[in-house]
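One file, work05.pdb, is given below (PDB, C-alpha atoms and all ligand atoms).
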ATOM      1  CA  MET A   1     -13.615 -16.841 -10.164
ATOM      2  CA  ALA A   2     -13.482 -18.541  -6.812
ATOM      3  CA  ASN A   3     -16.481 -18.722  -4.576
ATOM      4  CA  LEU A   4     -16.488 -16.072  -1.860
ATOM      5  CA  ASP A   5     -19.555 -17.486  -0.076
ATOM      6  CA  CYS A   6     -17.371 -18.869   2.680
ATOM      7  CA  TYR A   7     -16.714 -15.254   3.734
ATOM      8  CA  ASN A   8     -20.402 -14.679   4.417
ATOM      9  CA  ILE A   9     -21.287 -13.990   8.021
ATOM     10  CA  ILE A  10     -24.966 -14.871   8.372
ATOM     11  CA  PHE A  11     -26.005 -12.708  11.300
ATOM     12  CA  LYS A  12     -29.656 -13.690  11.180
ATOM     13  CA  SER A  13     -28.784 -17.265  12.035
ATOM     14  CA  LEU A  14     -26.320 -16.333  14.803
ATOM     15  CA  GLU A  15     -27.429 -16.432  18.410
ATOM     16  CA  ILE A  16     -26.983 -13.313  20.501
ATOM     17  CA  GLY A  17     -23.490 -13.561  21.993
ATOM     18  CA  ASN A  18     -19.919 -14.255  20.946
ATOM     19  CA  HIS A  19     -18.792 -16.104  17.822
ATOM     20  CA  THR A  20     -15.397 -16.594  16.224
ATOM     21  CA  PHE A  21     -14.634 -17.110  12.539
ATOM     22  CA  GLU A  22     -11.224 -18.005  11.148
ATOM     23  CA  TYR A  23     -10.042 -17.613   7.578
ATOM     24  CA  GLU A  24      -6.873 -18.496   5.688
ATOM     25  CA  LEU A  25      -6.140 -15.765   3.145
ATOM     26  CA  ASP A  26      -3.882 -17.245   0.459
ATOM     27  CA  ASN A  27      -3.226 -16.533  -3.222
ATOM     28  CA  ASN A  28      -6.633 -17.957  -4.133
ATOM     29  CA  PHE A  29      -8.298 -15.434  -1.854
ATOM     30  CA  PHE A  30      -6.605 -12.493  -3.600
ATOM     31  CA  LYS A  31      -7.220 -13.913  -7.081
ATOM     32  CA  SER A  32     -10.910 -14.370  -6.329
ATOM     33  CA  LEU A  33     -11.337 -10.663  -5.545
ATOM     34  CA  GLU A  34     -12.074  -8.530  -8.561
ATOM     35  CA  ASP A  35     -10.127  -5.238  -8.658
ATOM     36  CA  ALA A  36      -7.638  -6.408  -6.025
ATOM     37  CA  GLU A  37      -4.153  -5.004  -6.677
ATOM     38  CA  ILE A  38      -2.526  -7.467  -4.311
ATOM     39  CA  GLU A  39      -2.314 -10.879  -5.944
ATOM     40  CA  GLU A  40      -0.280 -12.935  -3.511
ATOM     41  CA  GLY A  41      -0.218 -13.324   0.207
ATOM     42  CA  SER A  42      -0.376 -15.701   3.100
ATOM     43  CA  LEU A  43      -2.326 -14.509   6.118
ATOM     44  CA  SER A  44      -4.697 -15.754   8.733
ATOM     45  CA  ALA A  45      -7.678 -13.743   9.919
ATOM     46  CA  VAL A  46      -9.688 -14.133  13.081
ATOM     47  CA  VAL A  47     -13.024 -12.337  13.214
ATOM     48  CA  THR A  48     -14.776 -12.258  16.560
ATOM     49  CA  VAL A  49     -18.422 -11.263  16.508
ATOM     50  CA  GLN A  50     -20.400  -9.979  19.441
ATOM     51  CA  LYS A  51     -23.980 -10.180  18.214
ATOM     52  CA  ASN A  52     -26.480  -7.875  19.882
ATOM     53  CA  GLU A  53     -30.165  -7.163  19.187
ATOM     54  CA  LYS A  54     -29.654  -4.272  16.777
ATOM     55  CA  ASN A  55     -26.025  -4.589  15.785
ATOM     56  CA  ALA A  56     -22.906  -6.715  15.845
ATOM     57  CA  GLU A  57     -19.481  -5.643  17.071
ATOM     58  CA  LEU A  58     -16.680  -7.225  15.102
ATOM     59  CA  ASN A  59     -13.003  -7.359  15.935
ATOM     60  CA  ILE A  60     -10.731  -8.308  13.067
ATOM     61  CA  GLN A  61      -7.208  -9.597  13.623
ATOM     62  CA  ILE A  62      -5.052 -10.393  10.614
ATOM     63  CA  ASP A  63      -1.454 -11.615  10.634
ATOM     64  CA  GLY A  64       0.790 -12.647   7.783
ATOM     65  CA  THR A  65       2.547 -11.371   4.676
ATOM     66  CA  VAL A  66       1.676 -10.078   1.216
ATOM     67  CA  GLN A  67       3.785  -9.761  -1.944
ATOM     68  CA  ILE A  68       3.849  -6.192  -3.287
ATOM     69  CA  PRO A  69       6.216  -4.137  -5.476
ATOM     70  CA  CYS A  70       9.089  -2.439  -3.660
ATOM     71  CA  ASP A  71       8.934   1.383  -3.869
ATOM     72  CA  ARG A  72      12.668   1.572  -4.611
ATOM     73  CA  CYS A  73      13.385  -1.161  -7.194
ATOM     74  CA  LEU A  74       9.813  -2.166  -8.169
ATOM     75  CA  ASP A  75      10.684  -5.851  -7.645
ATOM     76  CA  GLU A  76       8.388  -8.007  -5.553
ATOM     77  CA  MET A  77       8.944  -7.810  -1.808
ATOM     78  CA  THR A  78       7.410  -9.455   1.228
ATOM     79  CA  GLN A  79       5.487  -7.076   3.464
ATOM     80  CA  GLU A  80       4.433  -8.114   6.955
ATOM     81  CA  ILE A  81       0.855  -7.247   7.813
ATOM     82  CA  GLU A  82      -0.725  -6.850  11.218
ATOM     83  CA  VAL A  83      -4.348  -5.764  11.549
ATOM     84  CA  ASP A  84      -6.381  -5.153  14.694
ATOM     85  CA  GLU A  85      -9.551  -3.291  13.749
ATOM     86  CA  ASP A  86     -13.101  -2.940  14.973
ATOM     87  CA  LEU A  87     -16.137  -2.913  12.730
ATOM     88  CA  LEU A  88     -19.701  -2.141  13.757
ATOM     89  CA  VAL A  89     -22.487  -3.757  11.755
ATOM     90  CA  GLN A  90     -25.873  -2.099  12.172
ATOM     91  CA  PHE A  91     -28.940  -4.151  11.272
ATOM     92  CA  THR A  92     -30.799  -1.401   9.479
ATOM     93  CA  SER A  93     -31.101  -0.460   5.821
ATOM     94  CA  ALA A  94     -29.773   3.105   5.988
ATOM     95  CA  GLY A  95     -27.600   5.321   8.102
ATOM     96  CA  GLU A  96     -24.494   7.416   8.041
ATOM     97  CA  GLU A  97     -21.709   5.254   6.652
ATOM     98  CA  THR A  98     -18.330   5.710   8.265
ATOM     99  CA  GLU A  99     -15.067   3.879   7.766
ATOM    100  CA  ASN A 100     -15.787   1.358  10.508
ATOM    101  CA  THR A 101     -19.585   1.142  10.407
ATOM    102  CA  ILE A 102     -21.578  -0.951   7.959
ATOM    103  CA  PHE A 103     -25.332  -1.113   7.482
ATOM    104  CA  ILE A 104     -27.094  -4.260   6.367
ATOM    105  CA  PRO A 105     -30.860  -4.560   6.071
ATOM    106  CA  GLU A 106     -32.268  -6.655   8.894
ATOM    107  CA  HIS A 107     -34.198  -8.957   6.545
ATOM    108  CA  GLU A 108     -30.995  -9.808   4.628
ATOM    109  CA  GLY A 109     -28.872 -10.325   7.703
ATOM    110  CA  VAL A 110     -25.770 -11.359   5.740
ATOM    111  CA  LEU A 111     -22.402  -9.637   5.350
ATOM    112  CA  ASN A 112     -19.707 -10.844   2.981
ATOM    113  CA  ILE A 113     -16.521  -9.894   4.760
ATOM    114  CA  ALA A 114     -14.022 -10.730   1.993
ATOM    115  CA  TRP A 115     -13.557  -7.196   0.645
ATOM    116  CA  HIS A 116     -13.457  -5.725   4.156
ATOM    117  CA  LEU A 117     -10.629  -8.090   5.066
ATOM    118  CA  TYR A 118      -8.819  -7.060   1.885
ATOM    119  CA  GLU A 119      -9.230  -3.347   2.621
ATOM    120  CA  PHE A 120      -7.872  -3.727   6.139
ATOM    121  CA  ILE A 121      -4.825  -5.491   4.685
ATOM    122  CA  VAL A 122      -4.276  -2.658   2.183
ATOM    123  CA  LEU A 123      -4.586  -0.043   4.942
ATOM    124  CA  ALA A 124      -1.954  -1.878   6.981
ATOM    125  CA  ILE A 125       0.705  -1.496   4.245
ATOM    126  CA  PRO A 126       3.149   1.306   5.148
ATOM    127  CA  ILE A 127       3.122   4.259   2.714
ATOM    128  CA  MET A 128       6.858   3.708   2.070
ATOM    129  CA  HIS A 129       7.670   0.022   1.680
ATOM    130  CA  THR A 130      11.016  -1.189   0.428
ATOM    131  CA  HIS A 131      13.387  -4.137   0.668
ATOM    132  CA  PRO A 132      15.835  -3.882   3.567
ATOM    133  CA  ASP A 133      18.871  -1.738   2.595
ATOM    134  CA  GLY A 134      21.139  -3.563   0.160
ATOM    135  CA  GLU A 135      18.539  -6.169  -0.816
ATOM    136  CA  CYS A 136      16.949  -4.359  -3.735
ATOM    137  CA  ASN A 137      17.191  -5.794  -7.232
ATOM    138  CA  GLU A 138      20.431  -4.216  -8.514
ATOM    139  CA  ALA A 139      19.612  -4.699 -12.192
ATOM    140  CA  MET A 140      16.303  -2.880 -11.711
ATOM    141  CA  MET A 141      18.022  -0.141  -9.705
ATOM    142  CA  ASP A 142      20.652   0.344 -12.455
ATOM    143  CA  LYS A 143      17.967   0.702 -15.097
ATOM    144  CA  TYR A 144      16.042   3.076 -12.897
ATOM    145  CA  ASN A 145      19.117   5.210 -12.150
ATOM    146  CA  GLN A 146      20.106   5.383 -15.829
ATOM    147  CA  TYR A 147      16.606   6.516 -16.673
ATOM    148  CA  VAL A 148      16.537   9.160 -13.954
ATOM    149  CA  VAL A 149      20.058  10.474 -14.688
ATOM    150  CA  ARG A 150      19.301  10.744 -18.405
ATOM    151  CA  HIS A 151      16.170  12.717 -17.695
ATOM    152  CA  ILE A 152      17.937  15.062 -15.291
ATOM    153  CA  ASP A 153      20.637  15.675 -17.936
ATOM    154  CA  GLU A 154      18.002  16.481 -20.517
ATOM    155  CA  ASP A 155      16.247  18.840 -18.133
ATOM    156  CA  GLN A 156      19.507  20.618 -17.385
ATOM    157  CA  ASP A 157      20.257  21.025 -21.084
ATOM    158  CA  ASP A 158      16.949  22.774 -21.439
ATOM    159  CA  CYS A 159      17.206  25.169 -18.560
ATOM    160  CA  GLU A 160      20.933  25.910 -18.394
ATOM    161  CA  THR A 161      21.533  26.830 -22.022
ATOM    162  CA  ASP A 162      22.251  30.463 -21.156
ATOM    163  CA  ASP A 163      24.730  29.568 -18.429
ATOM    164  CA  VAL A 164      26.625  27.207 -20.723
ATOM    165  CA  THR A 165      27.087  29.800 -23.466
ATOM    166  CA  ASN A 166      28.186  32.406 -20.955
ATOM    167  CA  GLU A 167      30.702  30.036 -19.413
ATOM    168  CA  SER A 168      33.449  30.581 -22.014
ATOM    169  CA  ASP A 169      33.077  34.372 -21.887
ATOM    170  CA  ARG A 170      33.173  34.506 -18.146
ATOM    171  CA  THR A 171      36.505  35.622 -16.827
ATOM    172  CA  ASP A 172      37.020  37.422 -13.607
ATOM    173  CA  PRO A 173      39.457  40.331 -13.973
ATOM    174  CA  ARG A 174      40.725  39.739 -10.427
ATOM    175  CA  TRP A 175      41.835  36.218 -11.359
ATOM    176  CA  ASP A 176      43.574  37.574 -14.450
ATOM    177  CA  ALA A 177      45.420  40.032 -12.250
ATOM    178  CA  LEU A 178      46.513  37.284  -9.862
ATOM    179  CA  LYS A 179      47.653  35.098 -12.759
ATOM    180  CA  ASN A 180      49.773  37.948 -14.079
ATOM    181  CA  ILE A 181      51.397  38.411 -10.678
ATOM    182  CA  SER A 182      52.323  34.728 -10.352
ATOM    183  CA  ASN A 183      53.578  34.608 -13.940
ATOM    184  CA  ASN A 184      55.837  37.562 -13.315
ATOM    185  CA  ASN A 185      57.394  35.940 -10.241
TER     186      ASN A 185
HETATM  187 ZN    ZN B 201      13.627  -3.137  -3.605
END

Please express the file's structure as structure tokens.
Ligand SMILES: [Zn+2]
Amino acid sequence: MANLDCYNIIFKSLEIGNHTFEYELDNNFFKSLEDAEIEEGSLSAVVTVQKNEKNAELNIQIDGTVQIPCDRCLDEMTQEIEVDEDLLVQFTSAGEETENTIFIPEHEGVLNIAWHLYEFIVLAIPIMHTHPDGECNEAMMDKYNQYVVRHIDEDQDDCETDDVTNESDRTDPRWDALKNISNNN
């Protein structure tokens, strides 16, 4: 497992004021995170820190791409990622956690930002993400379609049994009458 120490922001040693940290998030970054579903990507992150007495205001900008499975064909696709998020770090041991507020005890004064960067990337992935039209993996699509069609057929066999047996019995007397007329002509 790779060392994530380089993603530590050591607030207690930062002067009050503005600071900027830059990170390259490559495949090694994703592999070093336990429980990360994304395994490949190439992004750069810029974290600006405004350190105050009791807290720090962070702005996180991330740009780049990740490799994730396409929703349509399940093949790998490249997803562009753009993050612009604020994070408030309170230097106190307890408080009401919200999505964009973190509490760190004042005596520790350190935040490892690696997982936060990862979560912002995940949140930036659109719910539906697919290859552009016509660029899906056709072999995967064929397999998928065969699977789906087979299952629909099986479902229909189950629920339409009655209709199928009635089909041969079903004749409409009006059609019979019409047929007789045309036959006679
Ligand atoms: Zn696809």

Hey, which residues come within 7 Å of ligand ZN 201 (chain B) if we count only C-alpha atoms and all ligand atoms? Could you give them as a compact mmCIF listing (two decimals) with C-alpha atoms, in the coordinates of the input?
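Output saved as result27.txt:
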# COMPACT_ATOMS: atom_id res chain seq x y z
CA CYS A 70 9.09 -2.44 -3.66
CA ASP A 71 8.93 1.38 -3.87
CA ARG A 72 12.67 1.57 -4.61
CA CYS A 73 13.38 -1.16 -7.19
CA LEU A 74 9.81 -2.17 -8.17
CA ASP A 75 10.68 -5.85 -7.64
CA MET A 77 8.94 -7.81 -1.81
CA THR A 130 11.02 -1.19 0.43
CA HIS A 131 13.39 -4.14 0.67
CA GLU A 135 18.54 -6.17 -0.82
CA CYS A 136 16.95 -4.36 -3.74
CA ASN A 137 17.19 -5.79 -7.23

Assuming the chain letters and numbering stay as they are in my file, what does the PyMOL selection byres (((chain A and resi 48) around 12) and not hetatm) actually select? List them as a CSV table (one decimal) with C-alpha atoms, in the coordinates of the input.
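Written output follows (out_12.csv):
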chain,number,residue,atom,x,y,z
A,9,ILE,CA,-21.3,-14.0,8.0
A,17,GLY,CA,-23.5,-13.6,22.0
A,18,ASN,CA,-19.9,-14.3,20.9
A,19,HIS,CA,-18.8,-16.1,17.8
A,20,THR,CA,-15.4,-16.6,16.2
A,21,PHE,CA,-14.6,-17.1,12.5
A,22,GLU,CA,-11.2,-18.0,11.1
A,23,TYR,CA,-10.0,-17.6,7.6
A,45,ALA,CA,-7.7,-13.7,9.9
A,46,VAL,CA,-9.7,-14.1,13.1
A,47,VAL,CA,-13.0,-12.3,13.2
A,49,VAL,CA,-18.4,-11.3,16.5
A,50,GLN,CA,-20.4,-10.0,19.4
A,51,LYS,CA,-24.0,-10.2,18.2
A,56,ALA,CA,-22.9,-6.7,15.8
A,57,GLU,CA,-19.5,-5.6,17.1
A,58,LEU,CA,-16.7,-7.2,15.1
A,59,ASN,CA,-13.0,-7.4,15.9
A,60,ILE,CA,-10.7,-8.3,13.1
A,61,GLN,CA,-7.2,-9.6,13.6
A,62,ILE,CA,-5.1,-10.4,10.6
A,84,ASP,CA,-6.4,-5.2,14.7
A,85,GLU,CA,-9.6,-3.3,13.7
A,86,ASP,CA,-13.1,-2.9,15.0
A,87,LEU,CA,-16.1,-2.9,12.7
A,88,LEU,CA,-19.7,-2.1,13.8

- [ ] For A:Gly64, list every protein, DNA or RNA residue within 10 Å, evaluated using only C-alpha atoms, and leave out those in the same chain fewer than 4 positions away; present the list as a VMD selection string.
- [x] chain A and resid 24 to 26 41 to 45 78 to 83 121

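What the PyMOL selection byres (((chain A and resi 103) around 7) and not hetatm) picks from this file is Val89, Gln90, Phe91, Thr92, Ser93, Ala94, Gly95, Thr101, Ile102, Ile104 and Pro105 of chain A.
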
Task: atom CA of A:Phe11 to atom CA of A:Glu97, distance in Å rounded to a single decimal - done: 19.0 Å

Please return stretch 96-107 of chain A, rebuilt to N, CA and C atoms, as a short mmCIF file (atom, residue, chain, number, x, y, z; two decimals), in the coordinates of the input.
data_model
loop_
_atom_site.label_atom_id
_atom_site.label_comp_id
_atom_site.auth_asym_id
_atom_site.auth_seq_id
_atom_site.Cartn_x
_atom_site.Cartn_y
_atom_site.Cartn_z
N GLU A 96 -25.67 6.67 8.46
CA GLU A 96 -24.49 7.42 8.04
C GLU A 96 -23.29 6.49 8.01
N GLU A 97 -22.84 6.17 6.80
CA GLU A 97 -21.71 5.25 6.65
C GLU A 97 -20.43 5.93 7.12
N THR A 98 -19.66 5.23 7.93
CA THR A 98 -18.33 5.71 8.26
C THR A 98 -17.37 4.57 7.96
N GLU A 99 -16.08 4.85 8.14
CA GLU A 99 -15.07 3.88 7.77
C GLU A 99 -15.27 2.54 8.48
N ASN A 100 -15.69 2.60 9.74
CA ASN A 100 -15.79 1.36 10.51
C ASN A 100 -17.22 0.99 10.90
N THR A 101 -18.19 1.53 10.17
CA THR A 101 -19.58 1.14 10.41
C THR A 101 -20.23 0.70 9.10
N ILE A 102 -20.93 -0.42 9.15
CA ILE A 102 -21.58 -0.95 7.96
C ILE A 102 -23.05 -1.13 8.29
N PHE A 103 -23.89 -0.90 7.29
CA PHE A 103 -25.33 -1.11 7.48
C PHE A 103 -25.79 -2.26 6.60
N ILE A 104 -26.48 -3.21 7.19
CA ILE A 104 -27.09 -4.26 6.37
C ILE A 104 -28.57 -4.37 6.77
N PRO A 105 -29.43 -4.46 5.77
CA PRO A 105 -30.86 -4.56 6.07
C PRO A 105 -31.14 -5.78 6.94
N GLU A 106 -32.00 -5.60 7.92
CA GLU A 106 -32.27 -6.66 8.89
C GLU A 106 -32.78 -7.93 8.22
N HIS A 107 -33.61 -7.77 7.18
CA HIS A 107 -34.20 -8.96 6.54
C HIS A 107 -33.15 -9.75 5.76
#
